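query.txt follows; it contains compact mmCIF, C-alpha atoms.
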# COMPACT_ATOMS: atom_id res chain seq x y z
CA MET A 280 -33.08 -23.95 22.01
CA TYR A 281 -30.33 -22.90 24.43
CA THR A 282 -26.74 -23.98 23.95
CA LYS A 283 -24.93 -25.42 26.94
CA ASN A 284 -22.67 -22.58 28.02
CA SER A 285 -22.38 -20.00 30.76
CA ASN A 286 -25.39 -18.17 29.32
CA SER A 287 -27.70 -21.16 29.65
CA PRO A 288 -30.51 -20.65 32.17
CA LYS A 289 -30.15 -22.54 35.43
CA ILE A 290 -33.41 -24.33 36.17
CA GLY A 291 -34.07 -26.10 39.44
CA VAL A 292 -36.43 -29.04 39.80
CA LEU A 293 -37.77 -29.78 43.27
CA ALA A 294 -36.50 -33.31 43.88
CA LEU A 295 -38.20 -34.37 47.11
CA GLN A 296 -40.64 -36.85 45.57
CA GLY A 297 -42.45 -37.47 42.30
CA ALA A 298 -41.65 -37.12 38.59
CA PHE A 299 -38.61 -34.85 38.79
CA ILE A 300 -36.15 -36.95 36.75
CA GLU A 301 -38.25 -36.60 33.59
CA HIS A 302 -38.23 -32.80 33.92
CA LEU A 303 -34.46 -32.79 34.36
CA LYS A 304 -34.01 -34.93 31.27
CA MET A 305 -36.20 -32.74 29.05
CA LEU A 306 -34.58 -29.51 30.28
CA THR A 307 -31.12 -30.95 29.64
CA GLU A 308 -32.12 -31.93 26.11
CA LEU A 309 -33.19 -28.32 25.54
CA GLY A 310 -29.79 -27.05 26.63
CA ALA A 311 -30.64 -25.70 30.07
CA SER A 312 -28.38 -26.11 33.09
CA VAL A 313 -30.29 -28.11 35.70
CA GLN A 314 -30.18 -28.40 39.49
CA GLU A 315 -31.94 -30.91 41.72
CA VAL A 316 -33.39 -28.93 44.64
CA ARG A 317 -33.73 -30.45 48.09
CA LEU A 318 -32.30 -27.71 50.34
CA PRO A 319 -32.93 -23.95 50.64
CA GLU A 320 -29.39 -23.03 49.60
CA GLU A 321 -29.89 -24.84 46.28
CA ILE A 322 -32.51 -22.26 45.27
CA ALA A 323 -29.96 -19.44 45.27
CA GLY A 324 -28.76 -18.65 41.77
CA LEU A 325 -31.64 -20.36 39.99
CA ASP A 326 -33.29 -18.64 37.04
CA GLY A 327 -36.43 -20.77 37.30
CA LEU A 328 -37.93 -23.62 39.31
CA ILE A 329 -40.22 -26.54 38.48
CA ILE A 330 -42.34 -28.22 41.15
CA PRO A 331 -43.16 -31.66 39.72
CA GLY A 332 -46.05 -34.03 40.02
CA GLY A 333 -46.18 -36.60 42.79
CA GLU A 334 -48.12 -36.63 46.05
CA SER A 335 -48.87 -33.02 47.01
CA THR A 336 -49.36 -33.66 50.74
CA THR A 337 -46.06 -35.54 50.98
CA ILE A 338 -44.18 -32.92 48.97
CA GLY A 339 -45.71 -30.14 51.07
CA LYS A 340 -44.68 -31.80 54.35
CA LEU A 341 -41.14 -32.34 53.04
CA MET A 342 -40.94 -28.69 51.94
CA ILE A 343 -41.76 -27.65 55.50
CA LEU A 344 -39.30 -30.18 56.95
CA TYR A 345 -36.48 -28.84 54.77
CA ASN A 346 -37.47 -25.16 55.17
CA LEU A 347 -38.18 -24.67 51.46
CA VAL A 348 -41.53 -22.85 51.52
CA GLU A 349 -40.27 -19.35 52.32
CA PRO A 350 -37.31 -19.49 49.88
CA ILE A 351 -39.72 -20.52 47.11
CA LYS A 352 -42.08 -17.68 48.03
CA GLU A 353 -39.12 -15.29 47.93
CA MET A 354 -38.18 -16.65 44.51
CA VAL A 355 -41.69 -15.97 43.25
CA ALA A 356 -41.64 -12.46 44.72
CA SER A 357 -38.33 -11.78 42.96
CA GLY A 358 -40.02 -12.38 39.61
CA ARG A 359 -38.23 -15.59 38.72
CA PRO A 360 -40.53 -18.11 36.99
CA VAL A 361 -41.93 -21.09 38.89
CA TRP A 362 -43.93 -23.86 37.20
CA GLY A 363 -46.04 -26.45 38.99
CA THR A 364 -47.20 -29.64 37.26
CA CYS A 365 -50.06 -31.71 38.72
CA ALA A 366 -49.16 -31.86 42.45
CA GLY A 367 -47.00 -28.80 41.86
CA MET A 368 -50.07 -26.92 40.64
CA ILE A 369 -51.90 -27.84 43.85
CA LEU A 370 -49.00 -26.54 45.94
CA LEU A 371 -48.91 -23.22 44.07
CA ALA A 372 -52.65 -22.60 44.48
CA LYS A 373 -54.02 -20.21 47.09
CA ASP A 374 -57.25 -22.20 47.41
CA ILE A 375 -57.74 -25.99 47.34
CA GLY A 376 -61.30 -26.02 48.60
CA GLY A 377 -60.63 -25.86 52.30
CA LEU A 378 -58.49 -29.00 52.50
CA ASN A 379 -55.86 -28.90 55.23
CA GLN A 380 -52.42 -29.48 53.75
CA PRO A 381 -49.18 -27.48 53.37
CA LEU A 382 -49.16 -25.08 50.41
CA ILE A 383 -46.90 -22.46 48.89
CA GLY A 384 -50.13 -20.58 48.16
CA VAL A 385 -48.98 -17.90 45.73
CA MET A 386 -51.19 -18.37 42.64
CA ASP A 387 -54.68 -16.89 42.30
CA ILE A 388 -56.40 -20.16 41.41
CA LYS A 389 -58.79 -22.58 43.14
CA VAL A 390 -57.80 -26.20 42.54
CA LYS A 391 -59.75 -29.41 43.02
CA ARG A 392 -57.55 -32.37 43.98
CA ASN A 393 -57.98 -35.81 42.35
CA ALA A 394 -60.65 -34.19 40.21
CA PHE A 395 -60.77 -36.87 37.51
CA GLY A 396 -60.83 -39.80 39.93
CA SER A 397 -58.31 -42.31 41.24
CA GLN A 398 -55.09 -43.65 39.76
CA LEU A 399 -57.21 -46.10 37.75
CA ASP A 400 -58.95 -43.16 36.08
CA SER A 401 -55.71 -41.73 34.67
CA PHE A 402 -55.84 -40.98 30.95
CA GLU A 403 -54.24 -39.23 28.00
CA THR A 404 -55.98 -36.83 25.63
CA ASP A 405 -55.26 -34.03 23.18
CA ILE A 406 -55.61 -30.47 24.46
CA ALA A 407 -55.94 -27.26 22.50
CA ILE A 408 -53.39 -24.80 23.93
CA PRO A 409 -53.28 -21.61 21.82
CA VAL A 410 -50.04 -20.28 23.35
CA LEU A 411 -48.24 -23.40 22.06
CA GLY A 412 -49.56 -23.11 18.51
CA GLU A 413 -52.24 -24.86 16.49
CA LYS A 414 -51.04 -28.43 17.03
CA PRO A 415 -52.83 -30.09 19.99
CA PHE A 416 -50.73 -31.02 23.02
CA ARG A 417 -50.97 -34.55 24.37
CA GLY A 418 -51.93 -34.26 28.01
CA VAL A 419 -51.06 -37.04 30.45
CA PHE A 420 -53.43 -36.90 33.44
CA ILE A 421 -52.46 -39.08 36.42
CA ARG A 422 -54.85 -38.79 39.38
CA ALA A 423 -54.97 -35.22 38.22
CA PRO A 424 -56.41 -32.03 39.67
CA TYR A 425 -58.07 -29.29 37.69
CA ILE A 426 -58.63 -25.58 38.23
CA GLU A 427 -62.14 -24.72 39.42
CA GLU A 428 -61.65 -20.97 39.34
CA VAL A 429 -59.08 -18.53 37.99
CA GLY A 430 -58.87 -15.29 39.95
CA PRO A 431 -58.37 -11.83 38.44
CA GLN A 432 -54.59 -12.02 38.75
CA ALA A 433 -54.31 -15.20 36.68
CA GLU A 434 -55.36 -16.26 33.18
CA GLU A 435 -56.40 -19.64 31.84
CA LEU A 436 -54.30 -21.20 29.09
CA ALA A 437 -56.26 -24.38 28.34
CA ARG A 438 -59.55 -26.13 28.97
CA LEU A 439 -60.54 -29.75 28.70
CA SER A 440 -64.00 -31.28 28.49
CA GLY A 441 -65.03 -33.56 31.33
CA GLU A 442 -65.08 -36.46 28.89
CA SER A 443 -61.52 -37.72 28.50
CA GLY A 444 -60.19 -38.37 25.03
CA ARG A 445 -62.02 -35.45 23.47
CA LEU A 446 -60.41 -32.29 22.12
CA ALA A 447 -62.72 -29.63 23.51
CA PRO A 448 -61.32 -26.21 24.34
CA GLN A 449 -64.79 -24.77 25.02
CA GLY A 450 -67.04 -27.53 26.36
CA ASN A 451 -70.83 -27.39 26.28
CA SER A 452 -73.84 -27.26 28.59
CA THR A 453 -73.94 -31.02 29.20
CA ASN A 454 -70.19 -31.54 29.32
CA PRO A 455 -68.61 -28.35 30.60
CA ALA A 456 -64.92 -27.75 30.08
CA VAL A 457 -62.56 -27.47 33.04
CA ILE A 458 -59.38 -25.42 33.23
CA VAL A 459 -56.19 -27.49 33.10
CA ALA A 460 -53.49 -24.85 32.58
CA ALA A 461 -53.03 -21.27 33.76
CA ARG A 462 -50.49 -18.50 34.06
CA GLN A 463 -50.04 -15.61 36.47
CA ASP A 464 -47.12 -13.35 35.59
CA ASN A 465 -44.05 -15.50 36.44
CA LEU A 466 -46.15 -18.47 37.61
CA LEU A 467 -47.21 -21.37 35.38
CA ALA A 468 -49.47 -24.28 36.32
CA THR A 469 -50.52 -27.43 34.46
CA ALA A 470 -52.81 -30.19 35.72
CA PHE A 471 -51.10 -32.69 33.42
CA HIS A 472 -47.55 -33.99 32.94
CA PRO A 473 -45.75 -32.48 29.90
CA GLU A 474 -42.52 -34.16 31.02
CA LEU A 475 -44.02 -37.60 30.32
CA THR A 476 -44.49 -36.89 26.62
CA GLY A 477 -42.00 -36.44 23.80
CA ASP A 478 -43.36 -32.94 23.22
CA SER A 479 -41.06 -30.26 24.64
CA ARG A 480 -43.23 -27.25 23.77
CA PHE A 481 -44.34 -26.55 27.35
CA HIS A 482 -40.76 -26.72 28.59
CA ARG A 483 -39.74 -24.38 25.78
CA PHE A 484 -42.56 -22.05 26.81
CA PHE A 485 -41.27 -22.06 30.40
CA LEU A 486 -37.70 -21.39 29.25
CA LYS A 487 -39.04 -18.46 27.23
CA MET A 488 -40.66 -17.14 30.42
CA VAL A 489 -37.26 -17.44 32.13
CA GLU A 490 -35.55 -15.63 29.28
CA GLU A 491 -38.13 -12.84 29.29
CA GLY A 492 -37.85 -12.52 33.07
CA ALA A 493 -34.08 -12.15 32.84
CA LYS A 494 -34.53 -9.18 30.49
CA ASP A 495 -36.85 -7.31 32.87
Same coordinates, now as structure tokens:
Amino acid sequence: MYTKNSNSPKIGVLALQGAFIEHLKMLTELGASVQEVRLPEEIAGLDGLIIPGGESTTIGKLMILYNLVEPIKEMVASGRPVWGTCAGMILLAKDIGGLNQPLIGVMDIKVKRNAFGSQLDSFETDIAIPVLGEKPFRGVFIRAPYIEEVGPQAEELARLSGESGRLAPQGNSTNPAVIVAARQDNLLATAFHPELTGDSRFHRFFLKMVEEGAKD
């Protein structure tokens, strides 16, 4: 855990729409310095950025309106970590199946929107995520996407069976697993909402990415 001093990482959370307050709260509890991001100049000086869940089309349009797309792309190119959760994962993806909506489009993944159904089909389930240790992570899926394909530049971090409520990192022929978390260098993507749980391991993992990036 970081202590709150001048050496604490400064993490921005895109605060245009969606579940950004919960990210800010968890980061603060872990000792990070936080910044709500709504304007391009607020990206300068950040060590990392989180793009939260919400409505991806709305967030994308607001990013264009406030001229945030290019500064975020420049942040990615600089090697600073960027993490997208749920809608944020959609916005990071290079491919969303031909749908026409604004994207940042920097991560080598193909994402299917609303893949588990409507808001009424939201659910929670345990997920096996080896990079976080042996203990399962409780995934909160709210009108969630999933990753259909991971390109050669990215790697999958977790899979979930199509049947909610089942811990299934591998899947099977009748109930194939789908990818719900991936990483590509300084990019992280999760289909679920770690900020809505009491488990800070994914935020710790992201802060470790920030720390490692600062050493490079």
*Pick from A:Val385, A:Leu309, A:Ile322, A:Ala372, whichever lies nearest to Lys487 (chain A) using only C-alpha atoms*: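 Once distances to Lys487 (chain A) are computed over only C-alpha atoms, the minimum belongs to A:Leu309.
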*Looking at all atoms listed in the file, which of A:Lys289, A:Lys373, A:Lys391, A:Arg317 is the one that sits closest to Ile330 (chain A)?*
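Of A:Lys289, A:Lys373, A:Lys391, A:Arg317, the one nearest Ile330 (chain A) is A:Arg317, counting all atoms listed in the file.
Of note, CA of Met305 (chain A) and CA of His482 (chain A) are spaced 7.6 Å apart.
Between CA of Thr404 (chain A) and CA of Ala366 (chain A) there is a distance of 18.8 Å.
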List as a PDB file with C-alpha atoms, keeping the file's coordinate frame: which residues have an atom within 9 Å of (-53.4, -28.2, 46.9), counting all atoms listed in the file?
ATOM      1  CA  SER A 335     -48.870 -33.020  47.010  1.00  0.00           C
ATOM      2  CA  THR A 336     -49.360 -33.660  50.740  1.00  0.00           C
ATOM      3  CA  GLY A 339     -45.710 -30.140  51.070  1.00  0.00           C
ATOM      4  CA  ALA A 366     -49.160 -31.860  42.450  1.00  0.00           C
ATOM      5  CA  GLY A 367     -47.000 -28.800  41.860  1.00  0.00           C
ATOM      6  CA  MET A 368     -50.070 -26.920  40.640  1.00  0.00           C
ATOM      7  CA  ILE A 369     -51.900 -27.840  43.850  1.00  0.00           C
ATOM      8  CA  LEU A 370     -49.000 -26.540  45.940  1.00  0.00           C
ATOM      9  CA  LEU A 371     -48.910 -23.220  44.070  1.00  0.00           C
ATOM     10  CA  ALA A 372     -52.650 -22.600  44.480  1.00  0.00           C
ATOM     11  CA  LYS A 373     -54.020 -20.210  47.090  1.00  0.00           C
ATOM     12  CA  ASP A 374     -57.250 -22.200  47.410  1.00  0.00           C
ATOM     13  CA  ILE A 375     -57.740 -25.990  47.340  1.00  0.00           C
ATOM     14  CA  GLY A 376     -61.300 -26.020  48.600  1.00  0.00           C
ATOM     15  CA  LEU A 378     -58.490 -29.000  52.500  1.00  0.00           C
ATOM     16  CA  ASN A 379     -55.860 -28.900  55.230  1.00  0.00           C
ATOM     17  CA  GLN A 380     -52.420 -29.480  53.750  1.00  0.00           C
ATOM     18  CA  PRO A 381     -49.180 -27.480  53.370  1.00  0.00           C
ATOM     19  CA  LEU A 382     -49.160 -25.080  50.410  1.00  0.00           C
ATOM     20  CA  ILE A 383     -46.900 -22.460  48.890  1.00  0.00           C
ATOM     21  CA  GLY A 384     -50.130 -20.580  48.160  1.00  0.00           C
ATOM     22  CA  LYS A 389     -58.790 -22.580  43.140  1.00  0.00           C
ATOM     23  CA  VAL A 390     -57.800 -26.200  42.540  1.00  0.00           C
ATOM     24  CA  LYS A 391     -59.750 -29.410  43.020  1.00  0.00           C
ATOM     25  CA  ARG A 392     -57.550 -32.370  43.980  1.00  0.00           C
ATOM     26  CA  PRO A 424     -56.410 -32.030  39.670  1.00  0.00           C
TER      27      PRO A 424
END
At a cut-off of 8 Å, can you tabulate as a Markdown table every residue of region 332-431 of chain A near region 465-471 of chain A together with its closest atom pair and the distance in Å to one decimal, using all atoms listed in the file and ordering rows by chain then number?
| residue | atom | partner | partner_atom | distance |
| --- | --- | --- | --- | --- |
| A:Val355 | CA | A:Asn465 | CA | 7.2 |
| A:Gly358 | CA | A:Asn465 | CA | 6.0 |
| A:Arg359 | CA | A:Asn465 | CA | 6.3 |
| A:Pro360 | CA | A:Asn465 | CA | 4.4 |
| A:Val361 | CA | A:Leu466 | CA | 5.1 |
| A:Trp362 | CA | A:Leu467 | CA | 4.5 |
| A:Gly363 | CA | A:Ala468 | CA | 4.9 |
| A:Thr364 | CA | A:Thr469 | CA | 4.9 |
| A:Cys365 | CA | A:Ala470 | CA | 4.3 |
| A:Ala366 | CA | A:Ala470 | CA | 7.8 |
| A:Gly367 | CA | A:Ala468 | CA | 7.6 |
| A:Met368 | CA | A:Ala468 | CA | 5.1 |
| A:Leu371 | CA | A:Ala468 | CA | 7.8 |
| A:Met386 | CA | A:Leu466 | CA | 7.1 |
| A:Gly418 | CA | A:Phe471 | CA | 5.7 |
| A:Val419 | CA | A:Phe471 | CA | 5.3 |
| A:Phe420 | CA | A:Phe471 | CA | 4.8 |
| A:Ile421 | CA | A:Phe471 | CA | 7.2 |
| A:Ala423 | CA | A:Ala470 | CA | 6.0 |
| A:Pro424 | CA | A:Ala470 | CA | 5.7 |
| A:Tyr425 | CA | A:Ala470 | CA | 5.7 |
| A:Ile426 | CA | A:Ala470 | CA | 7.8 |
Pull C-alpha atoms from the residues just selected and write them as a PDB file, keeping the file's coordinate frame.
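The result, stored in part.pdb:
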ATOM      1  CA  VAL A 355     -41.690 -15.970  43.250  1.00  0.00           C
ATOM      2  CA  GLY A 358     -40.020 -12.380  39.610  1.00  0.00           C
ATOM      3  CA  ARG A 359     -38.230 -15.590  38.720  1.00  0.00           C
ATOM      4  CA  PRO A 360     -40.530 -18.110  36.990  1.00  0.00           C
ATOM      5  CA  VAL A 361     -41.930 -21.090  38.890  1.00  0.00           C
ATOM      6  CA  TRP A 362     -43.930 -23.860  37.200  1.00  0.00           C
ATOM      7  CA  GLY A 363     -46.040 -26.450  38.990  1.00  0.00           C
ATOM      8  CA  THR A 364     -47.200 -29.640  37.260  1.00  0.00           C
ATOM      9  CA  CYS A 365     -50.060 -31.710  38.720  1.00  0.00           C
ATOM     10  CA  ALA A 366     -49.160 -31.860  42.450  1.00  0.00           C
ATOM     11  CA  GLY A 367     -47.000 -28.800  41.860  1.00  0.00           C
ATOM     12  CA  MET A 368     -50.070 -26.920  40.640  1.00  0.00           C
ATOM     13  CA  LEU A 371     -48.910 -23.220  44.070  1.00  0.00           C
ATOM     14  CA  MET A 386     -51.190 -18.370  42.640  1.00  0.00           C
ATOM     15  CA  GLY A 418     -51.930 -34.260  28.010  1.00  0.00           C
ATOM     16  CA  VAL A 419     -51.060 -37.040  30.450  1.00  0.00           C
ATOM     17  CA  PHE A 420     -53.430 -36.900  33.440  1.00  0.00           C
ATOM     18  CA  ILE A 421     -52.460 -39.080  36.420  1.00  0.00           C
ATOM     19  CA  ALA A 423     -54.970 -35.220  38.220  1.00  0.00           C
ATOM     20  CA  PRO A 424     -56.410 -32.030  39.670  1.00  0.00           C
ATOM     21  CA  TYR A 425     -58.070 -29.290  37.690  1.00  0.00           C
ATOM     22  CA  ILE A 426     -58.630 -25.580  38.230  1.00  0.00           C
TER      23      ILE A 426
END
Shell of 12 Å around Pro409 (chain A), all atoms listed in the file, local chain residues under 2 positions omitted, as a compact mmCIF listing (two decimals) with C-alpha atoms, in the coordinates of the input:
# COMPACT_ATOMS: atom_id res chain seq x y z
CA ILE A 406 -55.61 -30.47 24.46
CA ALA A 407 -55.94 -27.26 22.50
CA LEU A 411 -48.24 -23.40 22.06
CA GLY A 412 -49.56 -23.11 18.51
CA GLU A 413 -52.24 -24.86 16.49
CA LYS A 414 -51.04 -28.43 17.03
CA PRO A 415 -52.83 -30.09 19.99
CA PHE A 416 -50.73 -31.02 23.02
CA GLU A 435 -56.40 -19.64 31.84
CA LEU A 436 -54.30 -21.20 29.09
CA ALA A 437 -56.26 -24.38 28.34
CA ARG A 438 -59.55 -26.13 28.97
CA PRO A 448 -61.32 -26.21 24.34
CA ALA A 460 -53.49 -24.85 32.58
CA ALA A 461 -53.03 -21.27 33.76
CA ARG A 480 -43.23 -27.25 23.77
CA PHE A 481 -44.34 -26.55 27.35
CA PHE A 484 -42.56 -22.05 26.81
*Report the distance between CA of Asp326 (chain A) and CA of Pro350 (chain A) in Å, rounded to one decimal place.*
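CA of Asp326 (chain A) sits 13.5 Å away from CA of Pro350 (chain A).
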*Could you name the residues that touch Val313 (chain A) at 9 Å or less, counting only C-alpha atoms, but leaving out those on the same chain fewer than 5 positions away, as JSON, numbers by chain?*
{"A": [288, 289, 290, 291, 292, 303, 304, 306, 307, 325]}
*Given the choices A:Leu439, A:Leu341, A:Ala493, A:Ala433, which gets closest to Asp387 (chain A) if the distance is worked out from all atoms listed in the file?*
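Closest residue, counting all atoms listed in the file: A:Ala433.
Residue nearest Val459 (chain A) within the list A:Met488, A:Leu318, A:Ala311, A:Ile388: A:Ile388 [criterion: smallest interatomic distance, only C-alpha atoms].
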*asked:* Residues proximal to (-37.7, -37.2, 37.6) were defined as those with any atom within 12 Å of that point in the file's coordinates, counting all atoms listed in the file. Which are they, as a PyMOL selection string?
replied: chain A and resi 291-306+313-316+329-333+472+474-475
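Closest approach to Ser401 (chain A) among A:Gly324, A:Val348, A:Arg422, A:Glu491 is made by A:Arg422 (distances from all atoms listed in the file).
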